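Note: the block below is entry.cif and it holds mmCIF, C-alpha atoms and all ligand atoms.
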```cif
data_input
loop_
_atom_site.group_PDB
_atom_site.id
_atom_site.type_symbol
_atom_site.label_atom_id
_atom_site.label_comp_id
_atom_site.auth_asym_id
_atom_site.auth_seq_id
_atom_site.Cartn_x
_atom_site.Cartn_y
_atom_site.Cartn_z
ATOM 1 C CA MET A 844 -1.098 -3.478 -35.968
ATOM 2 C CA VAL A 845 1.403 -0.674 -36.537
ATOM 3 C CA ALA A 846 2.995 1.081 -33.569
ATOM 4 C CA GLU A 847 5.988 3.140 -32.519
ATOM 5 C CA TYR A 848 8.224 3.329 -29.468
ATOM 6 C CA ARG A 849 10.081 6.605 -29.085
ATOM 7 C CA ALA A 850 12.592 7.200 -26.281
ATOM 8 C CA ASP A 851 12.240 10.762 -25.017
ATOM 9 C CA ASP A 852 15.964 11.447 -25.538
ATOM 10 C CA TRP A 853 16.557 9.493 -28.783
ATOM 11 C CA HIS A 854 17.563 12.684 -30.575
ATOM 12 C CA SER A 855 20.362 13.563 -28.160
ATOM 13 C CA TYR A 856 21.648 9.984 -27.668
ATOM 14 C CA HIS A 857 24.779 9.826 -29.838
ATOM 15 C CA MET A 858 27.750 7.511 -30.169
ATOM 16 C CA ASP A 859 31.172 7.938 -31.741
ATOM 17 C CA TYR A 860 31.068 5.285 -34.499
ATOM 18 C CA ARG A 861 34.775 4.640 -33.974
ATOM 19 C CA ARG A 862 34.494 4.140 -30.200
ATOM 20 C CA PRO A 863 31.669 1.579 -29.947
ATOM 21 C CA HIS A 864 32.528 0.413 -26.417
ATOM 22 C CA ASP A 865 32.263 3.816 -24.740
ATOM 23 C CA ALA A 866 29.483 4.010 -22.151
ATOM 24 C CA LEU A 867 26.995 6.698 -23.208
ATOM 25 C CA GLU A 868 24.726 6.660 -20.152
ATOM 26 C CA PRO A 869 24.252 4.808 -16.855
ATOM 27 C CA LEU A 870 23.424 1.127 -17.386
ATOM 28 C CA GLU A 871 20.095 1.596 -15.555
ATOM 29 C CA LYS A 872 18.987 4.148 -18.138
ATOM 30 C CA GLU A 873 19.989 1.877 -21.032
ATOM 31 C CA MET A 874 18.050 -1.018 -19.450
ATOM 32 C CA GLN A 875 15.018 1.210 -18.831
ATOM 33 C CA VAL A 876 14.844 2.372 -22.460
ATOM 34 C CA VAL A 877 15.242 -1.156 -23.833
ATOM 35 C CA ASN A 878 12.637 -2.491 -21.376
ATOM 36 C CA GLU A 879 10.182 0.185 -22.534
ATOM 37 C CA ALA A 880 10.785 -0.832 -26.153
ATOM 38 C CA LEU A 881 10.343 -4.529 -25.285
ATOM 39 C CA ASN A 882 7.065 -3.636 -23.548
ATOM 40 C CA VAL A 883 5.695 -2.210 -26.801
ATOM 41 C CA LEU A 884 6.877 -5.303 -28.701
ATOM 42 C CA ARG A 885 5.091 -7.472 -26.130
ATOM 43 C CA GLU A 886 1.894 -5.390 -26.202
ATOM 44 C CA THR A 887 1.730 -5.686 -29.997
ATOM 45 C CA GLY A 888 2.211 -9.468 -29.791
ATOM 46 C CA ILE A 889 5.594 -9.513 -31.540
ATOM 47 C CA ILE A 890 7.373 -11.083 -28.547
ATOM 48 C CA PRO A 891 5.737 -13.245 -25.864
ATOM 49 C CA HIS A 892 7.513 -11.647 -22.878
ATOM 50 C CA ARG A 893 10.399 -9.288 -22.166
ATOM 51 C CA GLU A 894 12.649 -11.432 -19.947
ATOM 52 C CA TYR A 895 16.294 -11.984 -20.821
ATOM 53 C CA ASP A 896 19.416 -12.649 -18.756
ATOM 54 C CA HIS A 897 21.164 -9.320 -18.041
ATOM 55 C CA GLN A 898 24.356 -10.939 -16.737
ATOM 56 C CA ARG A 899 24.721 -13.082 -19.853
ATOM 57 C CA PHE A 900 24.156 -9.990 -21.965
ATOM 58 C CA LEU A 901 26.979 -8.173 -20.133
ATOM 59 C CA ALA A 902 29.264 -11.218 -20.581
ATOM 60 C CA PHE A 903 28.456 -11.097 -24.313
ATOM 61 C CA ARG A 904 29.176 -7.349 -24.451
ATOM 62 C CA ARG A 905 32.545 -7.841 -22.706
ATOM 63 C CA ALA A 906 33.522 -10.656 -25.087
ATOM 64 C CA VAL A 907 32.779 -8.499 -28.137
ATOM 65 C CA ALA A 908 34.800 -5.599 -26.680
ATOM 66 C CA GLU A 909 37.760 -7.934 -26.036
ATOM 67 C CA GLU A 910 37.672 -10.129 -29.149
ATOM 68 C CA PHE A 911 36.216 -8.173 -32.058
ATOM 69 C CA GLU A 912 38.073 -5.938 -34.462
ATOM 70 C CA ILE A 913 35.547 -3.162 -35.204
ATOM 71 C CA PRO A 914 36.809 -0.288 -37.402
ATOM 72 C CA TRP A 915 33.458 1.470 -36.935
ATOM 73 C CA THR A 916 29.888 0.604 -36.186
ATOM 74 C CA ALA A 917 26.545 2.385 -35.930
ATOM 75 C CA ILE A 918 25.214 -0.201 -33.447
ATOM 76 C CA THR A 919 24.745 1.840 -30.273
ATOM 77 C CA PRO A 920 24.864 0.179 -26.844
ATOM 78 C CA ARG A 921 21.048 0.497 -26.680
ATOM 79 C CA MET A 922 20.679 -1.175 -30.078
ATOM 80 C CA GLN A 923 23.167 -3.913 -29.128
ATOM 81 C CA ARG A 924 21.093 -4.705 -26.036
ATOM 82 C CA LEU A 925 17.793 -4.576 -27.958
ATOM 83 C CA LEU A 926 19.028 -6.951 -30.692
ATOM 84 C CA TYR A 927 20.451 -9.381 -28.136
ATOM 85 C CA ALA A 928 17.210 -9.262 -26.096
ATOM 86 C CA ILE A 929 14.931 -9.860 -29.111
ATOM 87 C CA ASN A 930 17.004 -12.884 -30.146
ATOM 88 C CA ALA A 931 17.200 -14.188 -26.561
ATOM 89 C CA ILE A 932 13.389 -13.966 -26.321
ATOM 90 C CA VAL A 933 12.432 -15.172 -29.829
ATOM 91 C CA GLN A 934 15.180 -17.864 -29.865
ATOM 92 C CA PRO A 935 15.329 -18.323 -33.655
ATOM 93 C CA LYS A 936 16.720 -21.710 -34.728
ATOM 94 C CA VAL A 937 17.685 -20.104 -38.043
ATOM 95 C CA MET A 938 18.740 -16.455 -38.205
ATOM 96 C CA ILE A 939 20.089 -14.730 -41.319
ATOM 97 C CA ALA A 940 21.638 -11.265 -41.114
ATOM 98 C CA ALA A 941 22.077 -9.403 -44.424
ATOM 99 C CA GLY A 942 24.919 -6.862 -44.747
ATOM 100 C CA VAL A 943 27.054 -7.486 -41.671
ATOM 101 C CA PHE A 944 30.235 -5.491 -42.449
ATOM 102 C CA CYS A 945 32.764 -6.467 -39.716
ATOM 103 C CA GLY A 946 30.250 -8.707 -37.962
ATOM 104 C CA ASN A 947 29.263 -6.524 -34.998
ATOM 105 C CA THR A 948 25.695 -6.198 -36.199
ATOM 106 C CA PHE A 949 25.535 -9.978 -36.800
ATOM 107 C CA ILE A 950 26.904 -10.961 -33.397
ATOM 108 C CA SER A 951 24.497 -8.547 -31.673
ATOM 109 C CA ASN A 952 21.826 -10.986 -32.914
ATOM 110 C CA ALA A 953 23.748 -14.293 -32.828
ATOM 111 C CA GLY A 954 25.341 -13.587 -29.433
ATOM 112 C CA ALA A 955 22.138 -14.774 -27.759
ATOM 113 C CA ALA A 956 22.925 -18.312 -28.961
ATOM 114 C CA VAL A 957 26.739 -18.599 -29.106
ATOM 115 C CA GLY A 958 29.691 -17.614 -26.913
ATOM 116 C CA ALA A 959 29.623 -16.042 -23.461
ATOM 117 C CA GLY A 960 26.046 -14.735 -23.783
ATOM 118 C CA ALA A 961 24.478 -17.940 -25.103
ATOM 119 C CA CYS A 962 21.062 -18.658 -23.604
ATOM 120 C CA TYR A 963 19.590 -21.153 -26.107
ATOM 121 C CA THR A 964 20.641 -23.624 -28.809
ATOM 122 C CA ALA A 965 20.385 -22.502 -32.432
ATOM 123 C CA GLU A 966 20.853 -24.537 -35.616
ATOM 124 C CA ASP A 967 22.197 -22.096 -38.186
ATOM 125 C CA LEU A 968 23.096 -18.423 -37.753
ATOM 126 C CA VAL A 969 24.311 -16.894 -41.006
ATOM 127 C CA GLY A 970 25.820 -13.456 -41.538
ATOM 128 C CA VAL A 971 26.009 -12.382 -45.200
ATOM 129 C CA GLU A 972 28.475 -9.782 -46.445
ATOM 130 C CA ILE A 973 29.005 -9.006 -50.133
ATOM 131 C CA LYS A 974 32.565 -7.606 -49.789
ATOM 132 C CA PRO A 975 34.940 -10.587 -49.498
ATOM 133 C CA GLU A 976 37.547 -8.760 -47.369
ATOM 134 C CA GLU A 977 34.882 -7.578 -44.911
ATOM 135 C CA ALA A 978 33.357 -11.051 -44.821
ATOM 136 C CA GLU A 979 36.802 -12.473 -43.972
ATOM 137 C CA ARG A 980 37.237 -10.070 -41.075
ATOM 138 C CA ALA A 981 33.704 -10.774 -39.842
ATOM 139 C CA GLU A 982 34.368 -14.522 -39.995
ATOM 140 C CA ARG A 983 37.634 -14.066 -38.023
ATOM 141 C CA ASN A 984 35.778 -12.021 -35.409
ATOM 142 C CA VAL A 985 32.909 -14.491 -35.106
ATOM 143 C CA ARG A 986 35.211 -17.550 -34.877
ATOM 144 C CA ARG A 987 36.890 -16.034 -31.792
ATOM 145 C CA LEU A 988 33.530 -16.010 -30.007
ATOM 146 C CA ASP A 989 32.031 -19.178 -31.469
ATOM 147 C CA PRO A 990 34.430 -22.042 -32.211
ATOM 148 C CA SER A 991 31.398 -24.315 -32.884
ATOM 149 C CA GLY A 992 30.558 -22.901 -36.326
ATOM 150 C CA VAL A 993 26.818 -22.523 -35.588
ATOM 151 C CA ALA A 994 27.391 -18.824 -36.251
ATOM 152 C CA ARG A 995 29.097 -18.316 -39.603
ATOM 153 C CA ILE A 996 29.767 -15.680 -42.228
ATOM 154 C CA VAL A 997 29.147 -16.112 -45.946
ATOM 155 C CA ALA A 998 30.725 -13.838 -48.574
ATOM 156 C CA ALA A 999 27.843 -13.383 -51.031
ATOM 157 C CA ASP A 1000 24.872 -11.298 -52.095
ATOM 158 C CA ALA A 1001 22.182 -11.605 -49.424
ATOM 159 C CA VAL A 1002 19.427 -11.705 -52.064
ATOM 160 C CA ASP A 1003 20.951 -14.905 -53.506
ATOM 161 C CA VAL A 1004 21.635 -16.455 -50.109
ATOM 162 C CA VAL A 1005 18.060 -16.120 -48.837
ATOM 163 C CA ALA A 1006 16.610 -17.146 -52.224
ATOM 164 C CA ARG A 1007 18.672 -20.363 -52.155
ATOM 165 C CA TYR A 1008 18.381 -21.068 -48.435
ATOM 166 C CA HIS A 1009 17.284 -24.655 -47.892
ATOM 167 C CA GLY A 1010 14.737 -24.244 -45.079
ATOM 168 C CA PRO A 1011 12.613 -21.962 -42.906
ATOM 169 C CA ILE A 1012 14.085 -18.660 -41.705
ATOM 170 C CA ASP A 1013 12.918 -17.706 -38.205
ATOM 171 C CA LEU A 1014 14.544 -14.285 -37.967
ATOM 172 C CA LEU A 1015 15.795 -12.095 -40.822
ATOM 173 C CA TYR A 1016 17.924 -9.071 -39.920
ATOM 174 C CA LEU A 1017 18.380 -6.398 -42.619
ATOM 175 C CA ASP A 1018 21.341 -4.037 -42.731
ATOM 176 C CA ALA A 1019 22.701 -4.284 -46.321
ATOM 177 C CA ASP A 1020 23.258 -0.993 -48.097
ATOM 178 C CA GLY A 1021 23.093 -2.415 -51.633
ATOM 179 C CA ASP A 1022 24.748 -0.691 -54.537
ATOM 180 C CA GLY A 1023 24.909 3.029 -55.239
ATOM 181 C CA ARG A 1024 21.515 3.176 -56.903
ATOM 182 C CA ARG A 1025 19.344 1.193 -54.511
ATOM 183 C CA GLY A 1026 21.261 1.668 -51.261
ATOM 184 C CA LYS A 1027 19.209 0.418 -48.330
ATOM 185 C CA GLY A 1028 16.288 0.087 -50.748
ATOM 186 C CA ILE A 1029 17.629 -3.451 -51.201
ATOM 187 C CA TYR A 1030 15.865 -4.527 -47.972
ATOM 188 C CA LEU A 1031 12.597 -5.255 -49.802
ATOM 189 C CA ASP A 1032 14.448 -7.283 -52.483
ATOM 190 C CA ILE A 1033 15.914 -9.435 -49.696
ATOM 191 C CA VAL A 1034 12.530 -9.868 -47.974
ATOM 192 C CA GLU A 1035 10.843 -10.806 -51.253
ATOM 193 C CA ALA A 1036 13.597 -13.320 -52.060
ATOM 194 C CA ALA A 1037 13.086 -14.857 -48.587
ATOM 195 C CA LEU A 1038 9.272 -14.873 -48.605
ATOM 196 C CA ASP A 1039 8.780 -18.587 -49.242
ATOM 197 C CA LYS A 1040 11.069 -19.369 -46.268
ATOM 198 C CA LEU A 1041 9.360 -16.987 -43.858
ATOM 199 C CA HIS A 1042 6.488 -18.424 -41.838
ATOM 200 C CA PRO A 1043 3.897 -17.181 -39.350
ATOM 201 C CA GLY A 1044 6.021 -16.297 -36.345
ATOM 202 C CA SER A 1045 9.101 -15.235 -38.333
ATOM 203 C CA VAL A 1046 10.527 -11.919 -37.163
ATOM 204 C CA LEU A 1047 11.964 -9.246 -39.474
ATOM 205 C CA LEU A 1048 14.385 -6.645 -38.118
ATOM 206 C CA ALA A 1049 15.247 -3.633 -40.287
ATOM 207 C CA HIS A 1050 18.066 -1.402 -39.032
ATOM 208 C CA ASN A 1051 18.008 2.325 -39.926
ATOM 209 C CA SER A 1052 14.213 2.711 -39.788
ATOM 210 C CA VAL A 1053 14.810 6.327 -38.680
ATOM 211 C CA ASN A 1054 17.843 7.784 -40.467
ATOM 212 C CA CYS A 1055 17.185 5.872 -43.739
ATOM 213 C CA ALA A 1056 13.361 5.890 -43.570
ATOM 214 C CA GLU A 1057 13.017 7.504 -46.987
ATOM 215 C CA MET A 1058 15.256 4.941 -48.709
ATOM 216 C CA LEU A 1059 13.510 2.119 -46.818
ATOM 217 C CA ARG A 1060 10.000 3.331 -47.635
ATOM 218 C CA HIS A 1061 9.089 0.354 -49.861
ATOM 219 C CA ASP A 1062 10.217 -2.105 -47.202
ATOM 220 C CA LEU A 1063 8.512 -0.132 -44.418
ATOM 221 C CA ASP A 1064 5.279 0.075 -46.469
ATOM 222 C CA PHE A 1065 5.478 -3.699 -46.954
ATOM 223 C CA VAL A 1066 5.937 -4.651 -43.285
ATOM 224 C CA ARG A 1067 3.378 -2.083 -42.080
ATOM 225 C CA ASP A 1068 0.743 -3.580 -44.396
ATOM 226 C CA GLY A 1069 -1.422 -5.924 -42.301
ATOM 227 C CA SER A 1070 -1.789 -8.373 -45.179
ATOM 228 C CA HIS A 1071 1.970 -9.082 -44.958
ATOM 229 C CA CYS A 1072 2.804 -8.694 -41.269
ATOM 230 C CA ARG A 1073 0.578 -9.115 -38.222
ATOM 231 C CA ALA A 1074 2.376 -6.317 -36.383
ATOM 232 C CA SER A 1075 5.212 -3.875 -36.965
ATOM 233 C CA VAL A 1076 6.831 -1.461 -34.519
ATOM 234 C CA ASN A 1077 9.279 1.322 -35.270
ATOM 235 C CA VAL A 1078 11.645 1.287 -32.301
ATOM 236 C CA ILE A 1079 13.238 4.726 -32.027
ATOM 237 C CA LEU A 1080 15.755 4.464 -29.218
ATOM 238 C CA ASP A 1081 18.608 6.070 -31.118
ATOM 239 C CA GLY A 1082 19.092 8.013 -34.336
ATOM 240 C CA GLU A 1083 19.249 4.822 -36.447
ATOM 241 C CA GLY A 1084 16.111 3.005 -35.320
ATOM 242 C CA LEU A 1085 14.920 -0.576 -35.797
ATOM 243 C CA GLU A 1086 11.668 -1.702 -37.416
ATOM 244 C CA VAL A 1087 10.547 -4.933 -35.751
ATOM 245 C CA SER A 1088 7.888 -6.921 -37.628
ATOM 246 C CA LEU A 1089 6.074 -10.211 -37.116
ATOM 247 C CA ILE A 1090 4.962 -12.307 -40.102
HETATM 248 C C1 LIG B 1 26.398 -0.017 -43.606
HETATM 249 S S1 LIG B 1 27.052 -1.638 -43.462
HETATM 250 C C2 LIG B 1 26.252 -2.243 -42.016
HETATM 251 C C3 LIG B 1 26.972 -1.782 -40.796
HETATM 252 C C4 LIG B 1 26.208 -1.981 -39.534
HETATM 253 N N1 LIG B 1 24.981 -1.197 -39.532
HETATM 254 C C5 LIG B 1 27.061 -1.583 -38.355
HETATM 255 O O1 LIG B 1 26.796 -0.535 -37.788
HETATM 256 O O2 LIG B 1 28.002 -2.317 -37.992
HETATM 257 C C6 LIG B 1 26.239 -2.450 -44.760
HETATM 258 C C7 LIG B 1 27.014 -3.619 -45.306
HETATM 259 O O3 LIG B 1 26.182 -4.291 -46.262
HETATM 260 C C8 LIG B 1 27.026 -4.829 -47.260
HETATM 261 N N2 LIG B 1 26.179 -5.141 -48.427
HETATM 262 C C9 LIG B 1 25.702 -4.280 -49.352
HETATM 263 N N3 LIG B 1 24.923 -4.931 -50.232
HETATM 264 C C10 LIG B 1 24.888 -6.225 -49.852
HETATM 265 C C11 LIG B 1 24.256 -7.390 -50.356
HETATM 266 N N4 LIG B 1 23.498 -7.343 -51.459
HETATM 267 N N5 LIG B 1 24.448 -8.568 -49.710
HETATM 268 C C12 LIG B 1 25.239 -8.615 -48.604
HETATM 269 N N6 LIG B 1 25.869 -7.542 -48.082
HETATM 270 C C13 LIG B 1 25.695 -6.369 -48.687
HETATM 271 C C14 LIG B 1 28.058 -3.744 -47.477
HETATM 272 O O4 LIG B 1 29.212 -4.246 -48.095
HETATM 273 C C15 LIG B 1 28.290 -3.244 -46.047
HETATM 274 O O5 LIG B 1 29.382 -3.898 -45.435
#
```
Output the structure of this file as structure tokens.
Ligand SMILES: C[S@@+](CC[C@H](N)C(=O)[O-])C[C@H]1O[C@@H](n2cnc3c(N)ncnc32)[C@H](O)[C@@H]1O
Amino acid sequence: MVAEYRADDWHSYHMDYRRPHDALEPLEKEMQVVNEALNVLRETGIIPHREYDHQRFLAFRRAVAEEFEIPWTAITPRMQRLLYAINAIVQPKVMIAAGVFCGNTFISNAGAAVGAGACYTAEDLVGVEIKPEEAERAERNVRRLDPSGVARIVAADAVDVVARYHGPIDLLYLDADGDGRRGKGIYLDIVEAALDKLHPGSVLLAHNSVNCAEMLRHDLDFVRDGSHCRASVNVILDGEGLEVSLI
């Protein structure tokens, strides 16, 4: 099943990439939009329910604002809440995030299992970043929130990391922008390298399903093909978008 959620104001909802902690709207509105998106994910069978702990989410958000060094990010407050909620609901034991830059995009997923917003116990949460200096900063950021090491950053090519991963992957988050030629077209390479670790019930999240839709078309064609994924929803709550798919 292929579906779409579109917030009525997605086009006018903008953030300043260099001021990620600014409030863009009343909290009630943010919660309403994310709840509507979660409803569509529930109706399509991608998530079993839409309940998550709002207070823990706010504790997580505060911790990131206080502890993380973020030069810029395209993760809007709506997207941060959506990623946290999906992880809090799906509760992946193993989550791999590909292309994490300073780590904000990674912790938006992993923050459901580690630090102030933790609501379940995970086994291995891996953020992969190909630029060593960015990976170092992301690792510093993540360590401040998670001294346990369950959430960790690896400086490597995400295609290699998922290909060599030793066990099942429950949630795969895609945000790598590849090299100059492929750009975000690398998403499908990462999915294909991970295929033998994905299982029925694995969730794929692809950031930029709206503003990079053309570059992502091979990946979007793949996840919207019913022979690969049982359901896929394009969640358009901001100008970036998130494709959420269930294997
Ligand atoms: C555009 S950034 C993601 C930023 C994120 N959307 C945010 O708003 O915070 C993409 C990152 O992917 C990294 N990257 C590109 N190709 C990669 C690959 N093959 N494996 C891992 N990381 C990769 C880049 O170095 C870059 O830091």
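Nearest residue to A:Ile890 among A:Gln923, A:Asn952, A:Asn947, A:Gln934 is A:Gln934, counting only C-alpha atoms.
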Coordinates of box centre and edge lengths for stretch 1058-1069 of chain A, 6 Å on every side, axis-aligned, as AutoDock Vina command-line options:
```
--center_x 6.9 --center_y -0.5 --center_z -46.0 --size_x 28.7 --size_y 22.9 --size_z 19.8
```
Written as a PDB file with C-alpha atoms, keeping the file's coordinate frame, which residues does the PyMOL selection byres (((not hetatm)) within 7 of (chain B and resi 1)) give for the file shown?
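The result, written out as selection_7.pdb:
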```
ATOM      1  CA  TRP A 915      33.458   1.470 -36.935  1.00  0.00           C
ATOM      2  CA  THR A 916      29.888   0.604 -36.186  1.00  0.00           C
ATOM      3  CA  ALA A 917      26.545   2.385 -35.930  1.00  0.00           C
ATOM      4  CA  ILE A 918      25.214  -0.201 -33.447  1.00  0.00           C
ATOM      5  CA  ALA A 941      22.077  -9.403 -44.424  1.00  0.00           C
ATOM      6  CA  GLY A 942      24.919  -6.862 -44.747  1.00  0.00           C
ATOM      7  CA  VAL A 943      27.054  -7.486 -41.671  1.00  0.00           C
ATOM      8  CA  PHE A 944      30.235  -5.491 -42.449  1.00  0.00           C
ATOM      9  CA  CYS A 945      32.764  -6.467 -39.716  1.00  0.00           C
ATOM     10  CA  GLY A 946      30.250  -8.707 -37.962  1.00  0.00           C
ATOM     11  CA  ASN A 947      29.263  -6.524 -34.998  1.00  0.00           C
ATOM     12  CA  THR A 948      25.695  -6.198 -36.199  1.00  0.00           C
ATOM     13  CA  VAL A 971      26.009 -12.382 -45.200  1.00  0.00           C
ATOM     14  CA  GLU A 972      28.475  -9.782 -46.445  1.00  0.00           C
ATOM     15  CA  ILE A 973      29.005  -9.006 -50.133  1.00  0.00           C
ATOM     16  CA  LYS A 974      32.565  -7.606 -49.789  1.00  0.00           C
ATOM     17  CA  GLU A 977      34.882  -7.578 -44.911  1.00  0.00           C
ATOM     18  CA  ALA A 999      27.843 -13.383 -51.031  1.00  0.00           C
ATOM     19  CA  ASP A1000      24.872 -11.298 -52.095  1.00  0.00           C
ATOM     20  CA  ALA A1001      22.182 -11.605 -49.424  1.00  0.00           C
ATOM     21  CA  VAL A1002      19.427 -11.705 -52.064  1.00  0.00           C
ATOM     22  CA  ASP A1018      21.341  -4.037 -42.731  1.00  0.00           C
ATOM     23  CA  ALA A1019      22.701  -4.284 -46.321  1.00  0.00           C
ATOM     24  CA  ASP A1020      23.258  -0.993 -48.097  1.00  0.00           C
ATOM     25  CA  GLY A1021      23.093  -2.415 -51.633  1.00  0.00           C
ATOM     26  CA  ASP A1022      24.748  -0.691 -54.537  1.00  0.00           C
ATOM     27  CA  HIS A1050      18.066  -1.402 -39.032  1.00  0.00           C
TER      28      HIS A1050
END
```
*Answer key for the PyMOL selection byres (((chain A and resi 887) around 12) and not hetatm), residues as an MDAnalysis selection string*: chainID A and resid 844:848 880:886 888:892 1072:1077 1087:1089
*asked:* Can you tell me which residues surround A:His1061 at a distance of at most 8 Å, considering all atoms listed in the file, apart from same-chain residues fewer than 3 positions away, and format the answer as a PyMOL selection string?
replied: chain A and resi 1028+1031+1058+1064-1065
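Of note, atom CA of A:Ile950 and atom CA of A:Glu912 are spaced 12.3 Å apart.
Applied to this file, the PyMOL selection byres (((chain A and resi 980) around 10) and not hetatm) selects Phe911, Glu912, Ile913, Phe944, Cys945, Gly946, Pro975, Glu976, Glu977, Ala978, Glu979, Ala981, Glu982, Arg983, Asn984, Val985, Arg986 and Ile996 of chain A.
In this model, the gap between atom CA of A:Ala956 and atom CA of A:Leu1048 comes to 17.1 Å.
Proximity to A:Glu871 was assessed for A:Val1004, A:His1009, A:Ile1079, A:His897 counting only C-alpha atoms; the smallest distance is recorded for A:His897.
Here atom CA of A:Pro863 stands at a distance of 6.9 Å from atom CA of A:Thr919.
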*Nearby residues (only C-alpha atoms) at most 12 Å from A:Arg921, same-chain spacing under 3 positions excluded, as a PyMOL selection string*: chain A and resi 850+853+856-858+863-881+900+904+917-918+924-928+951+1078-1085
Start from the incomplete input, build N, CA and C atoms for stretch 921-934 of chain A, and deliver everything as a JSON list (two decimals), in the frame of the given file.
```json
[["chain", "number", "residue", "atom", "x", "y", "z"],
["A", 921, "ARG", "N", 22.49, 0.80, -26.80],
["A", 921, "ARG", "CA", 21.05, 0.50, -26.68],
["A", 921, "ARG", "C", 20.62, -0.51, -27.74],
["A", 922, "MET", "N", 21.08, -0.29, -28.98],
["A", 922, "MET", "CA", 20.68, -1.18, -30.08],
["A", 922, "MET", "C", 21.28, -2.57, -29.88],
["A", 923, "GLN", "N", 22.53, -2.62, -29.39],
["A", 923, "GLN", "CA", 23.17, -3.91, -29.13],
["A", 923, "GLN", "C", 22.33, -4.71, -28.12],
["A", 924, "ARG", "N", 21.90, -4.04, -27.06],
["A", 924, "ARG", "CA", 21.09, -4.70, -26.04],
["A", 924, "ARG", "C", 19.73, -5.13, -26.61],
["A", 925, "LEU", "N", 19.11, -4.25, -27.39],
["A", 925, "LEU", "CA", 17.79, -4.58, -27.96],
["A", 925, "LEU", "C", 17.88, -5.79, -28.88],
["A", 926, "LEU", "N", 18.89, -5.83, -29.76],
["A", 926, "LEU", "CA", 19.03, -6.95, -30.69],
["A", 926, "LEU", "C", 19.28, -8.25, -29.93],
["A", 927, "TYR", "N", 20.18, -8.18, -28.95],
["A", 927, "TYR", "CA", 20.45, -9.38, -28.14],
["A", 927, "TYR", "C", 19.16, -9.85, -27.47],
["A", 928, "ALA", "N", 18.42, -8.91, -26.85],
["A", 928, "ALA", "CA", 17.21, -9.26, -26.10],
["A", 928, "ALA", "C", 16.16, -9.88, -27.02],
["A", 929, "ILE", "N", 15.95, -9.31, -28.19],
["A", 929, "ILE", "CA", 14.93, -9.86, -29.11],
["A", 929, "ILE", "C", 15.30, -11.30, -29.48],
["A", 930, "ASN", "N", 16.58, -11.53, -29.79],
["A", 930, "ASN", "CA", 17.00, -12.88, -30.15],
["A", 930, "ASN", "C", 16.92, -13.84, -28.95],
["A", 931, "ALA", "N", 17.28, -13.34, -27.76],
["A", 931, "ALA", "CA", 17.20, -14.19, -26.56],
["A", 931, "ALA", "C", 15.75, -14.58, -26.28],
["A", 932, "ILE", "N", 14.81, -13.70, -26.59],
["A", 932, "ILE", "CA", 13.39, -13.97, -26.32],
["A", 932, "ILE", "C", 12.77, -14.81, -27.44],
["A", 933, "VAL", "N", 13.04, -14.45, -28.69],
["A", 933, "VAL", "CA", 12.43, -15.17, -29.83],
["A", 933, "VAL", "C", 13.10, -16.54, -30.03],
["A", 934, "GLN", "N", 14.40, -16.62, -29.74],
["A", 934, "GLN", "CA", 15.18, -17.86, -29.86],
["A", 934, "GLN", "C", 15.04, -18.50, -31.26]]
```
